[in-house]
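With mmCIF, C-alpha atoms inside, this is query05.cif:
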data_model
loop_
_atom_site.label_atom_id
_atom_site.label_comp_id
_atom_site.auth_asym_id
_atom_site.auth_seq_id
_atom_site.Cartn_x
_atom_site.Cartn_y
_atom_site.Cartn_z
CA MET V 277 14.95 -8.69 -19.21
CA GLU V 278 13.35 -11.93 -18.06
CA THR V 279 11.57 -11.52 -14.74
CA LYS V 280 12.12 -14.64 -12.63
CA ILE V 281 9.67 -15.88 -10.02
CA PHE V 282 11.83 -16.83 -7.04
CA LYS V 283 10.48 -19.61 -4.84
CA LEU V 284 11.02 -19.50 -1.09
CA ASN V 285 13.93 -21.93 -1.39
CA GLU V 286 15.63 -19.49 -3.80
CA ILE V 287 16.03 -16.53 -1.44
CA ASP V 288 19.83 -16.74 -1.81
CA GLN V 289 19.44 -16.07 -5.54
CA ALA V 290 17.08 -13.17 -4.91
CA ALA V 291 19.51 -11.69 -2.36
CA GLN V 292 22.36 -11.99 -4.85
CA ALA V 293 20.32 -10.06 -7.40
CA ILE V 294 19.82 -7.29 -4.81
CA LYS V 295 23.58 -7.28 -4.13
CA ASN V 296 24.18 -6.98 -7.88
CA GLY V 297 22.12 -3.79 -8.01
CA GLN V 298 19.05 -5.41 -9.56
CA LEU V 299 15.41 -4.99 -8.59
CA VAL V 300 13.52 -7.79 -6.83
CA ALA V 301 9.90 -7.52 -5.69
CA PHE V 302 9.31 -8.96 -2.24
CA PRO V 303 6.30 -9.95 -0.12
CA THR V 304 5.24 -8.36 3.13
CA GLU V 305 2.16 -8.79 5.29
CA THR V 306 0.67 -5.65 3.68
CA VAL V 307 1.46 -5.53 -0.07
CA TYR V 308 4.35 -6.57 -2.32
CA GLY V 309 7.25 -4.11 -2.40
CA LEU V 310 9.74 -3.33 -5.17
CA GLY V 311 13.12 -3.96 -3.61
CA ALA V 312 16.55 -2.50 -4.27
CA ASP V 313 19.69 -1.97 -2.19
CA ALA V 314 18.92 1.24 -0.29
CA THR V 315 22.65 2.12 -0.29
CA ASN V 316 23.01 1.78 -4.08
CA GLU V 317 21.89 5.05 -5.66
CA ASP V 318 21.77 3.68 -9.21
CA ALA V 319 19.61 0.75 -8.11
CA VAL V 320 17.26 3.11 -6.26
CA LYS V 321 16.94 5.33 -9.34
CA ASN V 322 15.90 2.25 -11.29
CA VAL V 323 13.03 1.69 -8.84
CA TYR V 324 11.57 5.06 -9.85
CA LEU V 325 12.08 4.24 -13.53
CA ALA V 326 10.49 0.78 -13.32
CA LYS V 327 7.40 2.14 -11.56
CA GLY V 328 7.16 5.44 -13.41
CA ARG V 329 7.21 7.03 -9.95
CA PRO V 330 7.73 10.78 -9.39
CA SER V 331 11.23 11.41 -8.02
CA ASP V 332 9.98 13.59 -5.13
CA ASN V 333 7.99 10.69 -3.67
CA PRO V 334 10.25 9.25 -0.91
CA LEU V 335 10.79 5.53 -0.45
CA ILE V 336 10.28 3.41 2.66
CA VAL V 337 13.42 1.63 3.84
CA HIS V 338 12.82 -1.94 4.99
CA VAL V 339 15.06 -3.35 7.72
CA ALA V 340 15.48 -6.67 9.52
CA SER V 341 16.64 -5.30 12.87
CA ILE V 342 16.63 -2.14 14.97
CA GLU V 343 20.42 -2.15 14.63
CA MET V 344 19.95 -1.46 10.91
CA VAL V 345 17.95 1.65 11.78
CA GLU V 346 20.69 2.79 14.15
CA ARG V 347 23.19 2.86 11.26
CA TYR V 348 21.24 5.64 9.55
CA ALA V 349 19.00 7.40 12.08
CA ALA V 350 20.40 10.52 13.77
CA GLU V 351 18.72 9.22 16.90
CA ILE V 352 15.93 6.87 17.89
CA PRO V 353 13.80 8.70 20.47
CA ASP V 354 12.25 6.85 23.38
CA ASN V 355 8.75 6.92 21.91
CA ALA V 356 10.07 5.32 18.71
CA ARG V 357 11.76 2.53 20.68
CA GLN V 358 8.55 1.91 22.62
CA LEU V 359 6.61 1.55 19.37
CA MET V 360 9.28 -0.66 17.80
CA LYS V 361 9.08 -2.95 20.82
CA GLN V 362 5.29 -3.13 20.57
CA PHE V 363 4.68 -3.23 16.82
CA TRP V 364 7.86 -4.45 15.08
CA PRO V 365 7.96 -6.60 13.12
CA GLY V 366 4.66 -5.33 11.79
CA SER V 367 2.65 -2.84 9.78
CA LEU V 368 4.03 0.37 11.29
CA THR V 369 6.45 2.63 9.40
CA ILE V 370 8.30 5.24 11.47
CA ILE V 371 9.80 8.44 10.04
CA LEU V 372 13.01 9.58 11.73
CA LYS V 373 15.69 12.16 11.11
CA ILE V 374 18.79 10.59 9.57
CA LYS V 375 22.51 11.17 9.87
CA PRO V 376 23.58 13.67 7.19
CA GLY V 377 24.64 11.86 4.01
CA SER V 378 23.89 8.40 5.39
CA LEU V 379 21.38 7.66 2.64
CA SER V 380 21.05 9.10 -0.84
CA LYS V 381 18.57 11.90 -1.46
CA THR V 382 17.19 9.58 -4.14
CA VAL V 383 15.85 7.50 -1.24
CA THR V 384 14.68 10.43 0.87
CA GLY V 385 13.14 12.55 -1.90
CA GLY V 386 15.63 15.25 -0.91
CA LEU V 387 14.47 15.35 2.73
CA GLU V 388 16.55 14.85 5.88
CA THR V 389 14.19 12.15 7.11
CA VAL V 390 13.59 8.51 6.21
CA ALA V 391 10.66 6.17 6.77
CA PHE V 392 11.77 2.84 8.30
CA ARG V 393 9.76 -0.40 8.42
CA PHE V 394 10.45 -3.84 9.90
CA PRO V 395 7.97 -6.06 7.98
CA ASP V 396 6.24 -9.06 9.55
CA CYS V 397 7.22 -11.48 6.78
CA GLN V 398 10.03 -13.96 7.43
CA PRO V 399 11.01 -14.57 3.78
CA THR V 400 11.61 -10.85 3.31
CA LEU V 401 13.52 -10.56 6.58
CA ASP V 402 15.69 -13.43 5.33
CA LEU V 403 16.13 -11.60 2.02
CA ILE V 404 17.31 -8.42 3.78
CA LEU V 405 19.69 -10.32 6.05
CA LYS V 406 21.17 -12.33 3.18
CA ALA V 407 21.57 -9.18 1.07
CA GLY V 408 23.21 -7.51 4.06
CA VAL V 409 21.63 -4.12 3.36
CA PRO V 410 18.34 -2.36 4.01
CA ILE V 411 15.99 -2.53 1.04
CA VAL V 412 13.83 0.27 -0.34
CA GLY V 413 10.34 -0.93 -1.06
CA PRO V 414 7.56 1.11 -2.61
CA SER V 415 4.60 -0.97 -3.76
CA ALA V 416 5.62 -3.19 -6.68
CA ASN V 417 3.18 -1.82 -9.24
CA THR V 418 3.01 0.74 -11.99
CA SER V 419 2.78 4.09 -10.22
CA GLY V 420 -0.82 5.13 -9.57
CA LYS V 421 -2.32 1.66 -10.08
CA PRO V 422 -3.79 -0.54 -7.31
CA SER V 423 -1.08 -1.99 -5.09
CA PRO V 424 -0.15 -5.66 -5.64
CA THR V 425 -1.18 -8.29 -3.11
CA THR V 426 0.09 -11.33 -5.08
CA ALA V 427 3.20 -12.10 -7.10
CA GLN V 428 0.95 -12.37 -10.17
CA HIS V 429 -0.13 -8.73 -9.71
CA VAL V 430 3.53 -7.70 -9.71
CA TYR V 431 4.27 -9.79 -12.78
CA HIS V 432 1.33 -8.18 -14.60
CA ASP V 433 2.75 -4.68 -14.06
CA LEU V 434 6.51 -5.18 -14.06
CA ASN V 435 7.32 -8.25 -16.14
CA GLY V 436 10.43 -7.47 -18.16
CA LYS V 437 11.31 -4.42 -16.04
CA ILE V 438 12.74 -6.12 -12.95
CA ALA V 439 15.00 -9.09 -12.25
CA GLY V 440 12.59 -11.11 -10.16
CA ILE V 441 9.74 -11.55 -7.70
CA LEU V 442 9.97 -13.47 -4.43
CA ASP V 443 6.63 -15.30 -4.26
CA ASN V 444 5.07 -15.86 -0.82
CA GLY V 445 1.46 -16.12 -1.95
CA PRO V 446 -1.26 -13.55 -1.18
CA THR V 447 -0.53 -10.91 1.47
CA ARG V 448 -2.49 -10.96 4.74
CA VAL V 449 -3.33 -7.32 5.47
CA GLY V 450 -3.80 -6.01 1.93
CA VAL V 451 -3.30 -2.26 2.59
CA GLU V 452 0.03 -0.53 3.13
CA SER V 453 1.50 0.14 6.55
CA THR V 454 0.62 2.97 8.89
CA VAL V 455 3.16 5.79 8.46
CA LEU V 456 3.93 7.70 11.67
CA ASP V 457 6.10 10.82 11.64
CA LEU V 458 8.34 11.00 14.71
CA SER V 459 10.76 13.50 13.20
CA THR V 460 8.89 16.45 14.71
CA SER V 461 7.86 17.40 18.23
CA GLN V 462 4.25 16.24 17.74
CA PRO V 463 3.88 12.69 16.34
CA ALA V 464 1.44 12.45 13.43
CA ILE V 465 0.01 9.70 11.27
CA LEU V 466 0.69 10.61 7.63
CA ARG V 467 -0.94 7.47 6.22
CA PRO V 468 -3.37 5.21 8.10
CA GLY V 469 -2.85 1.46 8.08
CA ALA V 470 -3.47 -1.70 10.08
CA VAL V 471 -1.81 -0.26 13.22
CA THR V 472 -4.47 2.19 14.33
CA LYS V 473 -4.28 5.61 15.98
CA ALA V 474 -5.78 4.16 19.16
CA GLN V 475 -3.17 1.40 19.29
CA ILE V 476 -0.32 3.88 18.89
CA GLU V 477 -1.78 6.26 21.49
CA SER V 478 -2.05 3.39 23.97
CA VAL V 479 1.77 3.22 23.87
CA ILE V 480 2.99 6.84 23.49
CA GLY V 481 -0.01 9.06 24.20
CA SER V 482 -1.74 11.63 22.00
CA ILE V 483 -0.85 11.85 18.30
CA ASP V 484 -2.19 13.84 15.37
CA LEU V 485 -3.78 12.77 12.11
CA ASP V 486 -2.07 14.88 9.45
CA ARG V 487 -4.65 15.93 6.87
CA HIS V 488 -2.86 18.85 5.19
CA HIS V 489 -2.79 18.96 1.41
CA VAL V 490 0.71 18.55 0.00
CA GLY V 491 1.34 21.45 -2.37
CA LYS V 492 2.49 21.17 -5.97
CA ASN V 493 6.07 22.15 -5.12
CA GLU V 494 6.18 20.43 -1.73
CA THR V 495 7.93 17.10 -1.19
CA PRO V 496 5.73 14.66 0.77
CA LYS V 497 7.27 13.00 3.82
CA ALA V 498 5.56 9.70 3.10
CA PRO V 499 4.22 7.79 0.09
CA GLY V 500 0.58 8.28 -0.86
CA MET V 501 0.30 11.90 0.29
CA LYS V 502 0.62 13.86 -2.96
CA TYR V 503 -0.17 11.87 -6.08
CA ARG V 504 -3.23 9.88 -7.13
CA HIS V 505 -2.88 6.24 -6.12
CA TYR V 506 -4.63 2.88 -6.36
CA ALA V 507 -6.67 3.75 -9.44
CA PRO V 508 -7.77 1.17 -12.03
CA GLY V 509 -8.35 2.14 -15.65
CA VAL V 510 -12.07 2.91 -15.24
CA PRO V 511 -13.87 5.30 -12.85
CA VAL V 512 -14.46 4.21 -9.25
CA ALA V 513 -17.20 5.58 -6.99
CA ILE V 514 -17.80 4.99 -3.29
CA VAL V 515 -21.21 3.75 -2.19
CA ASP V 516 -21.81 5.34 1.22
CA PRO V 517 -22.91 3.06 4.09
CA GLN V 518 -26.46 4.50 4.29
CA THR V 519 -27.15 3.95 0.57
CA ASP V 520 -30.00 1.63 -0.47
CA TRP V 521 -28.30 -1.07 -2.55
CA GLN V 522 -31.60 -2.00 -4.20
CA MET V 523 -31.59 1.47 -5.73
CA VAL V 524 -27.96 0.99 -6.74
CA ASP V 525 -28.91 -2.16 -8.63
CA LYS V 526 -31.80 -0.37 -10.35
CA TRP V 527 -29.33 2.28 -11.54
CA ILE V 528 -26.95 -0.43 -12.79
CA ALA V 529 -29.78 -2.11 -14.73
CA ASP V 530 -30.39 1.14 -16.66
CA GLN V 531 -26.78 1.50 -17.80
CA PRO V 532 -25.66 0.56 -21.34
CA PHE V 533 -22.49 -1.04 -19.95
CA LYS V 534 -21.29 -3.48 -17.28
CA VAL V 535 -20.74 -2.13 -13.77
CA GLY V 536 -18.39 -3.73 -11.26
CA VAL V 537 -19.75 -4.08 -7.73
CA MET V 538 -17.46 -4.60 -4.74
CA ALA V 539 -19.24 -5.15 -1.44
CA GLU V 540 -19.35 -7.41 1.61
CA LYS V 541 -21.01 -10.79 1.27
CA GLN V 542 -24.03 -9.85 3.39
CA ILE V 543 -24.90 -7.06 0.94
CA LEU V 544 -24.21 -9.09 -2.17
CA ASP V 545 -26.43 -11.92 -0.93
CA GLN V 546 -29.43 -9.61 -0.37
CA ILE V 547 -29.78 -8.47 -3.99
CA ALA V 548 -30.91 -10.28 -7.13
CA TRP V 549 -28.38 -8.38 -9.22
CA SER V 550 -29.12 -7.22 -12.74
CA ASP V 551 -27.33 -8.74 -15.71
CA ASN V 552 -25.25 -5.58 -15.98
CA ALA V 553 -23.63 -6.13 -12.57
CA VAL V 554 -20.29 -7.95 -12.25
CA ILE V 555 -19.81 -8.97 -8.63
CA TYR V 556 -16.67 -9.15 -6.46
CA SER V 557 -17.01 -10.05 -2.78
CA LEU V 558 -15.11 -8.08 -0.15
CA GLY V 559 -15.71 -10.85 2.36
CA GLU V 560 -17.30 -10.75 5.79
CA ASP V 561 -15.87 -7.69 7.58
CA VAL V 562 -13.46 -4.75 7.44
CA SER V 563 -10.45 -7.01 7.76
CA ASP V 564 -11.56 -9.05 4.75
CA ALA V 565 -12.48 -5.91 2.83
CA SER V 566 -9.05 -4.37 3.39
CA SER V 567 -7.26 -7.50 2.26
CA HIS V 568 -9.45 -7.81 -0.86
CA LEU V 569 -9.72 -4.16 -1.93
CA PHE V 570 -6.72 -3.94 -4.26
CA ALA V 571 -7.24 -7.44 -5.65
CA GLY V 572 -10.82 -6.50 -6.51
CA LEU V 573 -9.81 -3.30 -8.27
CA ARG V 574 -7.24 -5.26 -10.26
CA PHE V 575 -9.83 -7.93 -11.08
CA PHE V 576 -12.05 -5.29 -12.71
CA ASP V 577 -9.09 -3.72 -14.48
CA ASP V 578 -8.88 -6.97 -16.45
CA GLN V 579 -12.62 -7.03 -17.28
CA LYS V 580 -12.66 -5.17 -20.59
CA ASP V 581 -16.46 -4.83 -20.64
CA VAL V 582 -16.67 -3.16 -17.20
CA ALA V 583 -16.86 0.63 -17.60
CA SER V 584 -17.45 1.68 -13.98
CA ILE V 585 -16.81 0.28 -10.49
CA LEU V 586 -18.92 0.84 -7.37
CA VAL V 587 -17.27 0.00 -4.05
CA GLN V 588 -18.85 -0.23 -0.61
CA GLY V 589 -17.76 2.49 1.80
CA LEU V 590 -17.14 1.57 5.44
CA ASP V 591 -16.97 3.39 8.75
CA ALA V 592 -13.58 5.17 8.79
CA THR V 593 -12.53 4.03 12.25
CA GLY V 594 -9.86 1.50 13.23
CA LEU V 595 -8.76 -0.49 10.19
CA GLY V 596 -11.65 1.16 8.34
CA ALA V 597 -9.63 4.39 8.29
CA ALA V 598 -6.95 2.69 6.19
CA TYR V 599 -9.54 1.06 3.93
CA MET V 600 -11.33 4.36 3.31
CA ASN V 601 -8.06 6.24 2.79
CA ARG V 602 -7.14 3.89 -0.07
CA LEU V 603 -10.67 3.77 -1.47
CA ASN V 604 -10.98 7.56 -1.47
CA LYS V 605 -7.71 7.89 -3.38
CA SER V 606 -8.78 5.20 -5.84
CA ALA V 607 -12.08 6.99 -6.45
CA GLY V 608 -10.56 10.46 -6.51
CA GLY V 609 -13.05 11.30 -3.75
CA LYS V 610 -16.08 10.51 -5.96
CA HIS V 611 -19.21 9.14 -4.24
CA PHE V 612 -22.11 7.38 -5.92
CA GLU V 613 -25.39 9.28 -5.78
CA VAL V 614 -28.69 7.56 -6.53
CA PRO V 615 -30.39 9.64 -9.24
CA VAL V 616 -33.51 11.50 -8.11
CA LYS V 617 -36.43 10.88 -10.45
#
As structure tokens, the full file:
Amino acid sequence: METKIFKLNEIDQAAQAIKNGQLVAFPTETVYGLGADATNEDAVKNVYLAKGRPSDNPLIVHVASIEMVERYAAEIPDNARQLMKQFWPGSLTIILKIKPGSLSKTVTGGLETVAFRFPDCQPTLDLILKAGVPIVGPSANTSGKPSPTTAQHVYHDLNGKIAGILDNGPTRVGVESTVLDLSTSQPAILRPGAVTKAQIESVIGSIDLDRHHVGKNETPKAPGMKYRHYAPGVPVAIVDPQTDWQMVDKWIADQPFKVGVMAEKQILDQIAWSDNAVIYSLGEDVSDASSHLFAGLRFFDDQKDVASILVQGLDATGLGAAYMNRLNKSAGGKHFEVPVK
């Protein structure tokens, strides 16, 4: 299959491919998603196949209006409507109970709930409206790898496996949406993102942060809860905020291989890095770091002489909670420790 890069003036063609049951990757403000008609079970099954994604990992359903949600949701509670008014379109995904049989269990992972999102990206809203159906959209990458933030990232992973990619340039936010479960009596964030806990609580009051470990035989309610994600082909370690980066560079200089370093500009500029260090800037602040994290991990995935990656850890508050959630999963929880001599 030839994977076509659709330009923004070719959305009609991309929508027709969706109608035909084909897969088309689409941009959002967070990351690129792998789109298929959410009402076409065969097309949805092909999303799992193209990504190599476990079948018990439910898919987010992308919509272009609240009316689309109403077709499938058993009800939209008042707190959900308040959040939709405040944060949609935007980086907030809301899990709701659905009408029995309204969407295939291939979409829901066998659950009676679905995660809905109204992305803040006009080309994709146009794509959904022209296709006339909601579109499933897990990240458009090989399962487990860093999420794609450009059309080129998608092409790298899925060329020949999908019909096309709608190219809208680099994404703005760079980490996936906040996932909020409103299908139970106590709202809970299942995955942190750009819409923070404090922002949500300012609208609907107290919510939980769900930190339970999803068991081997348990179906997760949201993507990113059960399986390893965001991992490049070489080991990643987190450099904690209090770490002396001069000591990090001394450790790098002693290694018999190249080491990737991802950190904010102010840190990178302070060090006369050893020849073993390969540098990637995370920008000026947490917003920059979040938007550059996946691109940096992918950059080092293509550097064949880099055998390890060290990434700056940040304070896990606000947007930093989303950044650290993704970084922890990428690193498998591993932290860099300066050797004691």
### Message
Once the PyMOL selection byres ((chain V and resi 308) around 9) is applied to the coordinates I shared, what remains selected? I want it as JSON, numbers by chain.
### Response
{"V": [301, 302, 303, 304, 305, 306, 307, 309, 310, 413, 414, 415, 416, 417, 423, 424, 425, 426, 427, 429, 430, 447]}
### Query
If the PyMOL selection byres ((chain V and resi 472) around 9) is run on the structure shown, which residues does it catch, given as a VMD selection string?
chain V and resid 454 468 to 471 473 to 477 593 to 595 597 to 598
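Shortest atom-to-atom contact with Leu569 of chain V among V:Ile294, V:Val412, V:Ile585, V:Val451: V:Val451, counting only C-alpha atoms.
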### Query
Skipping near chain neighbours, those fewer than 6 positions away, what residues fall within 12 Å of segment 545-552 of chain V using only C-alpha atoms, listed as a list in words?
Asp520, Trp521, Gln522, Met523, Val524, Asp525, Lys526, Trp527, Ile528, Ala529, Asp530, Gln531, Pro532, Phe533, Lys534, Val535, Gly536, Val537, Ala539, Leu558, Gly559, Glu560, Asp581, Val582, Ala583, Ser584 and Ile585 of chain V
### Task
Could you expand the PyMOL selection byres ((chain V and resi 399) around 12) into the explicit residues it covers here, written as a ChimeraX atom specification?
/V:282-288,290-291,301-305,340,395-398,400-406,441-445
Export of the given selection (C-alpha atoms) as a JSON list (two decimals), in the coordinates of the input:
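The file below, out.json, is the result:
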[["chain", "number", "residue", "atom", "x", "y", "z"],
["V", 282, "PHE", "CA", 11.83, -16.83, -7.04],
["V", 283, "LYS", "CA", 10.48, -19.61, -4.84],
["V", 284, "LEU", "CA", 11.02, -19.50, -1.09],
["V", 285, "ASN", "CA", 13.93, -21.93, -1.39],
["V", 286, "GLU", "CA", 15.63, -19.49, -3.80],
["V", 287, "ILE", "CA", 16.03, -16.53, -1.44],
["V", 288, "ASP", "CA", 19.83, -16.74, -1.81],
["V", 290, "ALA", "CA", 17.08, -13.17, -4.91],
["V", 291, "ALA", "CA", 19.51, -11.69, -2.36],
["V", 301, "ALA", "CA", 9.90, -7.52, -5.69],
["V", 302, "PHE", "CA", 9.31, -8.96, -2.24],
["V", 303, "PRO", "CA", 6.30, -9.95, -0.12],
["V", 304, "THR", "CA", 5.24, -8.36, 3.13],
["V", 305, "GLU", "CA", 2.16, -8.79, 5.29],
["V", 340, "ALA", "CA", 15.48, -6.67, 9.52],
["V", 395, "PRO", "CA", 7.97, -6.06, 7.98],
["V", 396, "ASP", "CA", 6.24, -9.06, 9.55],
["V", 397, "CYS", "CA", 7.22, -11.48, 6.78],
["V", 398, "GLN", "CA", 10.03, -13.96, 7.43],
["V", 400, "THR", "CA", 11.61, -10.85, 3.31],
["V", 401, "LEU", "CA", 13.52, -10.56, 6.58],
["V", 402, "ASP", "CA", 15.69, -13.43, 5.33],
["V", 403, "LEU", "CA", 16.13, -11.60, 2.02],
["V", 404, "ILE", "CA", 17.31, -8.42, 3.78],
["V", 405, "LEU", "CA", 19.69, -10.32, 6.05],
["V", 406, "LYS", "CA", 21.17, -12.33, 3.18],
["V", 441, "ILE", "CA", 9.74, -11.55, -7.70],
["V", 442, "LEU", "CA", 9.97, -13.47, -4.43],
["V", 443, "ASP", "CA", 6.63, -15.30, -4.26],
["V", 444, "ASN", "CA", 5.07, -15.86, -0.82],
["V", 445, "GLY", "CA", 1.46, -16.12, -1.95]]
### Message
So that I can check the surroundings of Thr418 of chain V, please list as a ChimeraX atom specification every protein, DNA and RNA residue that reaches within 7 Å of it, counting only C-alpha atoms and ignoring chain neighbours fewer than 2 positions away.
### Response
/V:327-328,420-421,433
What would segment 554-568 of chain V look like with N, CA, C and O atoms in place, written as a PDB file, in the coordinates of the input?
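Saved result, result_38.pdb, follows:
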ATOM      1  N   VAL V 554     -21.364  -6.946 -12.393  1.00  0.00           N
ATOM      2  CA  VAL V 554     -20.290  -7.950 -12.250  1.00  0.00           C
ATOM      3  C   VAL V 554     -19.819  -7.863 -10.805  1.00  0.00           C
ATOM      4  O   VAL V 554     -19.372  -6.810 -10.346  1.00  0.00           O
ATOM      5  N   ILE V 555     -19.930  -8.985 -10.088  1.00  0.00           N
ATOM      6  CA  ILE V 555     -19.810  -8.970  -8.630  1.00  0.00           C
ATOM      7  C   ILE V 555     -18.419  -9.415  -8.172  1.00  0.00           C
ATOM      8  O   ILE V 555     -17.842 -10.378  -8.701  1.00  0.00           O
ATOM      9  N   TYR V 556     -17.916  -8.732  -7.125  1.00  0.00           N
ATOM     10  CA  TYR V 556     -16.670  -9.150  -6.460  1.00  0.00           C
ATOM     11  C   TYR V 556     -16.883  -8.986  -4.956  1.00  0.00           C
ATOM     12  O   TYR V 556     -17.179  -7.896  -4.466  1.00  0.00           O
ATOM     13  N   SER V 557     -16.742 -10.079  -4.218  1.00  0.00           N
ATOM     14  CA  SER V 557     -17.010 -10.050  -2.780  1.00  0.00           C
ATOM     15  C   SER V 557     -15.814  -9.500  -1.996  1.00  0.00           C
ATOM     16  O   SER V 557     -14.672  -9.901  -2.204  1.00  0.00           O
ATOM     17  N   LEU V 558     -16.116  -8.591  -1.072  1.00  0.00           N
ATOM     18  CA  LEU V 558     -15.110  -8.080  -0.150  1.00  0.00           C
ATOM     19  C   LEU V 558     -15.064  -8.879   1.143  1.00  0.00           C
ATOM     20  O   LEU V 558     -14.361  -8.492   2.084  1.00  0.00           O
ATOM     21  N   GLY V 559     -15.781  -9.977   1.193  1.00  0.00           N
ATOM     22  CA  GLY V 559     -15.710 -10.850   2.360  1.00  0.00           C
ATOM     23  C   GLY V 559     -16.708 -10.493   3.439  1.00  0.00           C
ATOM     24  O   GLY V 559     -17.767  -9.917   3.178  1.00  0.00           O
ATOM     25  N   GLU V 560     -16.344 -10.812   4.684  1.00  0.00           N
ATOM     26  CA  GLU V 560     -17.300 -10.750   5.790  1.00  0.00           C
ATOM     27  C   GLU V 560     -17.220  -9.468   6.618  1.00  0.00           C
ATOM     28  O   GLU V 560     -18.191  -9.075   7.253  1.00  0.00           O
ATOM     29  N   ASP V 561     -16.046  -8.820   6.663  1.00  0.00           N
ATOM     30  CA  ASP V 561     -15.870  -7.690   7.580  1.00  0.00           C
ATOM     31  C   ASP V 561     -14.781  -6.759   7.061  1.00  0.00           C
ATOM     32  O   ASP V 561     -14.257  -6.951   5.966  1.00  0.00           O
ATOM     33  N   VAL V 562     -14.434  -5.751   7.869  1.00  0.00           N
ATOM     34  CA  VAL V 562     -13.460  -4.750   7.440  1.00  0.00           C
ATOM     35  C   VAL V 562     -12.086  -5.342   7.196  1.00  0.00           C
ATOM     36  O   VAL V 562     -11.348  -4.901   6.311  1.00  0.00           O
ATOM     37  N   SER V 563     -11.744  -6.360   7.974  1.00  0.00           N
ATOM     38  CA  SER V 563     -10.450  -7.010   7.760  1.00  0.00           C
ATOM     39  C   SER V 563     -10.407  -7.689   6.404  1.00  0.00           C
ATOM     40  O   SER V 563      -9.438  -7.544   5.645  1.00  0.00           O
ATOM     41  N   ASP V 564     -11.469  -8.425   6.071  1.00  0.00           N
ATOM     42  CA  ASP V 564     -11.560  -9.050   4.750  1.00  0.00           C
ATOM     43  C   ASP V 564     -11.571  -7.997   3.650  1.00  0.00           C
ATOM     44  O   ASP V 564     -10.889  -8.128   2.630  1.00  0.00           O
ATOM     45  N   ALA V 565     -12.345  -6.941   3.861  1.00  0.00           N
ATOM     46  CA  ALA V 565     -12.480  -5.910   2.830  1.00  0.00           C
ATOM     47  C   ALA V 565     -11.140  -5.246   2.541  1.00  0.00           C
ATOM     48  O   ALA V 565     -10.791  -4.997   1.377  1.00  0.00           O
ATOM     49  N   SER V 566     -10.366  -4.990   3.582  1.00  0.00           N
ATOM     50  CA  SER V 566      -9.050  -4.370   3.390  1.00  0.00           C
ATOM     51  C   SER V 566      -8.111  -5.286   2.627  1.00  0.00           C
ATOM     52  O   SER V 566      -7.361  -4.840   1.757  1.00  0.00           O
ATOM     53  N   SER V 567      -8.162  -6.571   2.931  1.00  0.00           N
ATOM     54  CA  SER V 567      -7.260  -7.500   2.260  1.00  0.00           C
ATOM     55  C   SER V 567      -7.664  -7.775   0.819  1.00  0.00           C
ATOM     56  O   SER V 567      -6.837  -8.153  -0.005  1.00  0.00           O
ATOM     57  N   HIS V 568      -8.948  -7.523   0.482  1.00  0.00           N
ATOM     58  CA  HIS V 568      -9.450  -7.810  -0.860  1.00  0.00           C
ATOM     59  C   HIS V 568      -9.587  -6.582  -1.755  1.00  0.00           C
ATOM     60  O   HIS V 568      -9.836  -6.717  -2.955  1.00  0.00           O
TER      61      HIS V 568
END
